[in-house]
Amino acid sequence: MPRKAPTSIFLIFLCLLLLAFYSLLLSRSAISLSPTHLRFRPRNLTARYDAPDSFNHVIREDINELTHRTRLVTSIPGPVESVSVLLPNWEVLVLVSQDTPLTSNLGVGGFYCFFPRNETSPANFSGVLPFTGATTFKCTLPNRNRRLQPFHQPVLTRFPERETNVISAAPGMPRWDFLAYECFSTETDVVLFVKGVNNRQGINKSPEEFRCVFGNDIKNAVKTPVTSSKQEVFRCLHPNLMELSISPSTTAAAKRIKVSIEINREKLVVPSVAYYTPPRRHMPSNPNPTSLLCATTMVYNVAKFLREWVMYYSKIGVDKFILYDNGSDDDLERVIKELDEEGDYNIERIFWVWPKTQEAGFSHSAVYAKDSCTWMMYVDVDEFIFSPSWLKNSSQPSKTMLKSLLSISSNGSIGQVSIKCNDFGPSDQKKHPAMGVIQGYNCRRQAEQRHKSILFLEAVDHSLLNVIHHFDLSNNHYNWKELPLEAAVINHYKYQAWPEFMTKFRRRVSAFVADWRTRVNPMSKDRTPGLGFQPIKPEGWENMFCDVKDDRLKLWTKKWFGSQTPQGLKMAWQL
């Protein structure tokens, strides 16, 4: 018993010593990361400010501190200068500037995300952002780091065992639900995409509540008025480049101008990974767009469906396809390459990594493609337009078929053509039909559902507002034409064989539609009747949503796209 008291005293002293050492580390970290006038929102790494010019401190935190940290570790082999964003489902998106050299063979792996508490996870190459040139990787936030607030950015490295001493001062990691993520410059203004400001569909804050802010440090931040604020799309005036004080001797990395949104009333600046590009001077818009009719859609892992979709639409009038790839990891790139080599298919794949941004992606396409397309068709890869009149009056498919639906008049008054959808069910299929969805699914619901649109790009409203594949049009200039079912209809192969349909539970692409697993809006048309919130196959799924047997498009495509081979009838997209 006499020896127990000294042991207890020693243990208490040791605990106090460790506590003091840990407190010292925390205080040093706090001093290095928190400017005097900033109060950080823990969840989103958002800065509030008290002084009129303190926005520049926010820029310094977002840019200079990140650059400073990565420069500190460049003498240690392995670390790569990067910025990270926390995505849904604990996924971390790591962005590496195009000015940072990387190995040419990124697909073989070898990179890791190194987090505080010496936790690591593999960093898998995801793609290259087309408008900033940034290389992206994805890794998973380790379990113990999920309890840290705020979340800290990882170090991207090939040698995580060497990074122990450089992660303690890692800056906080912005979260995806509050972020400026993409920017596009037109000849007259800047289109900025921001998540987390206009959160509710149909409720948009006034442009007067915001300003666009350009700049990387205290000397060159420039603010311009916002002219439109709808959904995740903000439009503002170009900055005066002379005010940004960028000299010819400035390094390429420093010339990259970060842009974000300032919320005036809250004195709040949204974290940003978006960069401004000045418009090209003396480059007038193409007066004769090369494509009369284009098609765009947002895709994820649609390689097995793409051939049928592209080959069908190219035969009936689509001149160009623009695919916004939402981070596919299947054979999509290979299929696109094969189509390019096989025929006269004009396919552009835009790597669009941002989750739940379908409306923003469509808004982007409306300005991005304006100089190369006259009309833009917004349909998904499981949706096929046809006219019942084609079945009676045409012996072969023709590139004029879709264009005949546009009713192009001399006065150009039609700005948008809408076509109703028929939703098809599983049609007793248990797996993806080898001959394609048109041949595999032929039983549908009785009532037509939503419509999809073909848009005259000159007619789109300045706000770029769109909902469920249709856009607001410029006031008093253009009309919206809705076609009757006798003129045209869309076969929407929505409820497919269960293994295919189950993959939709990954994530919904719309910003304003709840994910399948989220227990809200159980009666919404965006939900599958009788399915619930889990990917559990309902009893009798194969025969659900089957009110009407509809073989019209199946028989038509078999006649025009089918051919006999030694192995039997094959569709063109199978060969």
# chains A, B, ... in the order shown; residues from 1 in each chain; ligands from 1
$ closest_atom_pairs --of "segment 347-432 of chain A" --to "segment 457-473 of chain A" --cutoff "7 Å" --atoms "only C-alpha atoms" --output "tab-separated table"
residue	atom	partner	partner_atom	distance
A:Glu359	CA	A:Asn466	CA	6.2
A:Ser363	CA	A:Leu464	CA	5.3
A:Ala366	CA	A:Leu457	CA	6.2
A:Lys370	CA	A:Leu457	CA	6.1
A:Thr374	CA	A:Leu457	CA	6.0
A:Trp375	CA	A:Leu457	CA	5.8
A:Met376	CA	A:Leu457	CA	6.7
A:Tyr378	CA	A:His469	CA	5.8
A:Gly415	CA	A:Ala459	CA	5.2
$ write_last_selection --atoms "N, CA, C and O atoms" --output "tab-separated table (two decimals), in the first residue's frame"
chain	number	residue	atom	x	y	z
A	359	GLU	N	-28.79	20.63	-63.22
A	359	GLU	CA	-29.30	21.90	-63.72
A	359	GLU	C	-28.15	22.86	-64.06
A	359	GLU	O	-28.18	23.54	-65.09
A	363	SER	N	-27.18	24.47	-67.66
A	363	SER	CA	-26.97	25.91	-67.83
A	363	SER	C	-25.62	26.18	-68.48
A	363	SER	O	-25.49	27.04	-69.36
A	366	ALA	N	-25.66	25.58	-72.19
A	366	ALA	CA	-26.39	26.58	-72.97
A	366	ALA	C	-25.51	27.76	-73.37
A	366	ALA	O	-25.74	28.39	-74.41
A	370	LYS	N	-23.11	27.60	-77.37
A	370	LYS	CA	-23.89	28.57	-78.16
A	370	LYS	C	-23.24	28.89	-79.50
A	370	LYS	O	-23.93	29.17	-80.49
A	374	THR	N	-26.99	25.41	-82.88
A	374	THR	CA	-28.14	26.31	-82.96
A	374	THR	C	-29.24	25.85	-82.01
A	374	THR	O	-29.75	26.64	-81.22
A	375	TRP	N	-29.60	24.58	-82.09
A	375	TRP	CA	-30.59	23.98	-81.20
A	375	TRP	C	-29.91	22.94	-80.33
A	375	TRP	O	-28.98	22.25	-80.78
A	376	MET	N	-30.37	22.82	-79.08
A	376	MET	CA	-29.83	21.83	-78.16
A	376	MET	C	-30.95	20.96	-77.62
A	376	MET	O	-31.94	21.46	-77.08
A	378	TYR	N	-32.18	18.22	-74.91
A	378	TYR	CA	-31.84	17.75	-73.57
A	378	TYR	C	-32.63	16.47	-73.27
A	378	TYR	O	-33.78	16.51	-72.83
A	415	GLY	N	-38.89	29.21	-79.50
A	415	GLY	CA	-37.66	29.15	-78.72
A	415	GLY	C	-37.42	27.82	-78.06
A	415	GLY	O	-36.30	27.51	-77.68
$ residues_around --residues "Phe111 of chain A" --least-positions-apart "6" --cutoff "8 Å" --atoms "only C-alpha atoms" --output "count of residues only"
7
$ residues_around --residues "Ser260 of chain A" --least-positions-apart "2" --cutoff "6 Å" --atoms "only C-alpha atoms" --output "VMD selection string"
chain A and resid 180 212 to 213 272
$ residues_around --residues "Lys315 of chain A" --least-positions-apart "3" --cutoff "9 Å" --atoms "only C-alpha atoms" --output "list in words"
Val310, Met311, Tyr312, Val318, Pro397, Ser398, Lys399 and Met401 of chain A
$ write_last_selection --atoms "N, CA and C atoms" --output "PDB file, in the first residue's frame"
ATOM      1  N   VAL A 310     -26.355   7.017 -79.333  1.00  0.00           N
ATOM      2  CA  VAL A 310     -25.660   7.845 -80.329  1.00  0.00           C
ATOM      3  C   VAL A 310     -26.014   7.412 -81.750  1.00  0.00           C
ATOM      4  N   MET A 311     -26.005   6.124 -82.011  1.00  0.00           N
ATOM      5  CA  MET A 311     -26.262   5.640 -83.371  1.00  0.00           C
ATOM      6  C   MET A 311     -27.702   5.919 -83.793  1.00  0.00           C
ATOM      7  N   TYR A 312     -28.638   5.785 -82.862  1.00  0.00           N
ATOM      8  CA  TYR A 312     -30.028   6.082 -83.176  1.00  0.00           C
ATOM      9  C   TYR A 312     -30.207   7.557 -83.518  1.00  0.00           C
ATOM     10  N   VAL A 318     -29.305  14.317 -85.176  1.00  0.00           N
ATOM     11  CA  VAL A 318     -28.405  14.998 -84.245  1.00  0.00           C
ATOM     12  C   VAL A 318     -27.017  15.073 -84.873  1.00  0.00           C
ATOM     13  N   PRO A 397     -34.452   5.868 -92.126  1.00  0.00           N
ATOM     14  CA  PRO A 397     -34.229   7.019 -91.243  1.00  0.00           C
ATOM     15  C   PRO A 397     -33.581   8.156 -92.014  1.00  0.00           C
ATOM     16  N   SER A 398     -33.856   9.376 -91.575  1.00  0.00           N
ATOM     17  CA  SER A 398     -33.332  10.549 -92.270  1.00  0.00           C
ATOM     18  C   SER A 398     -32.878  11.590 -91.256  1.00  0.00           C
ATOM     19  N   LYS A 399     -31.819  12.303 -91.602  1.00  0.00           N
ATOM     20  CA  LYS A 399     -31.296  13.340 -90.721  1.00  0.00           C
ATOM     21  C   LYS A 399     -32.219  14.556 -90.628  1.00  0.00           C
ATOM     22  N   MET A 401     -35.441  14.180 -89.845  1.00  0.00           N
ATOM     23  CA  MET A 401     -36.608  13.789 -89.042  1.00  0.00           C
ATOM     24  C   MET A 401     -36.768  14.645 -87.791  1.00  0.00           C
TER      25      MET A 401
END
$ residues_around --residues "Gly327 of chain A" --least-positions-apart "2" --cutoff "8 Å" --atoms "only C-alpha atoms" --output "list in words"
Ser126, Gly127, Tyr300, Asp325, Asp329, Phe351, Trp352 and Val353 of chain A
$ write_last_selection --atoms "C-alpha atoms" --output "PDB file, in the first residue's frame"
ATOM      1  CA  SER A 126     -10.510  10.812 -61.521  1.00  0.00           C
ATOM      2  CA  GLY A 127      -9.987  13.067 -64.545  1.00  0.00           C
ATOM      3  CA  TYR A 300     -22.480   8.344 -65.160  1.00  0.00           C
ATOM      4  CA  ASP A 325     -19.414  13.027 -67.550  1.00  0.00           C
ATOM      5  CA  ASP A 329     -15.420   4.780 -63.945  1.00  0.00           C
ATOM      6  CA  PHE A 351     -15.436  15.897 -67.431  1.00  0.00           C
ATOM      7  CA  TRP A 352     -17.921  17.416 -64.953  1.00  0.00           C
ATOM      8  CA  VAL A 353     -17.004  15.969 -61.578  1.00  0.00           C
TER       9      VAL A 353
END
$ closest_residue --among "A:Glu539, A:Glu500, A:Asp428, A:Glu348" --to "Ala369 of chain A" --atoms "only C-alpha atoms"
A:Glu348
$ select_by_dssp --residues "segment 115-202 of chain A" --states "helix (DSSP H, G or I)" --output "ChimeraX atom specification"
/A:116-118,144-147,160-162
$ closest_residue --among "A:Val437, A:Leu148, A:Leu555, A:Ala487" --to "Leu306 of chain A" --atoms "only C-alpha atoms"
A:Val437
$ atom_distance --atom1 "atom CA of Ser328 of chain A" --atom2 "atom CA of Gln358 of chain A"
14.7 Å
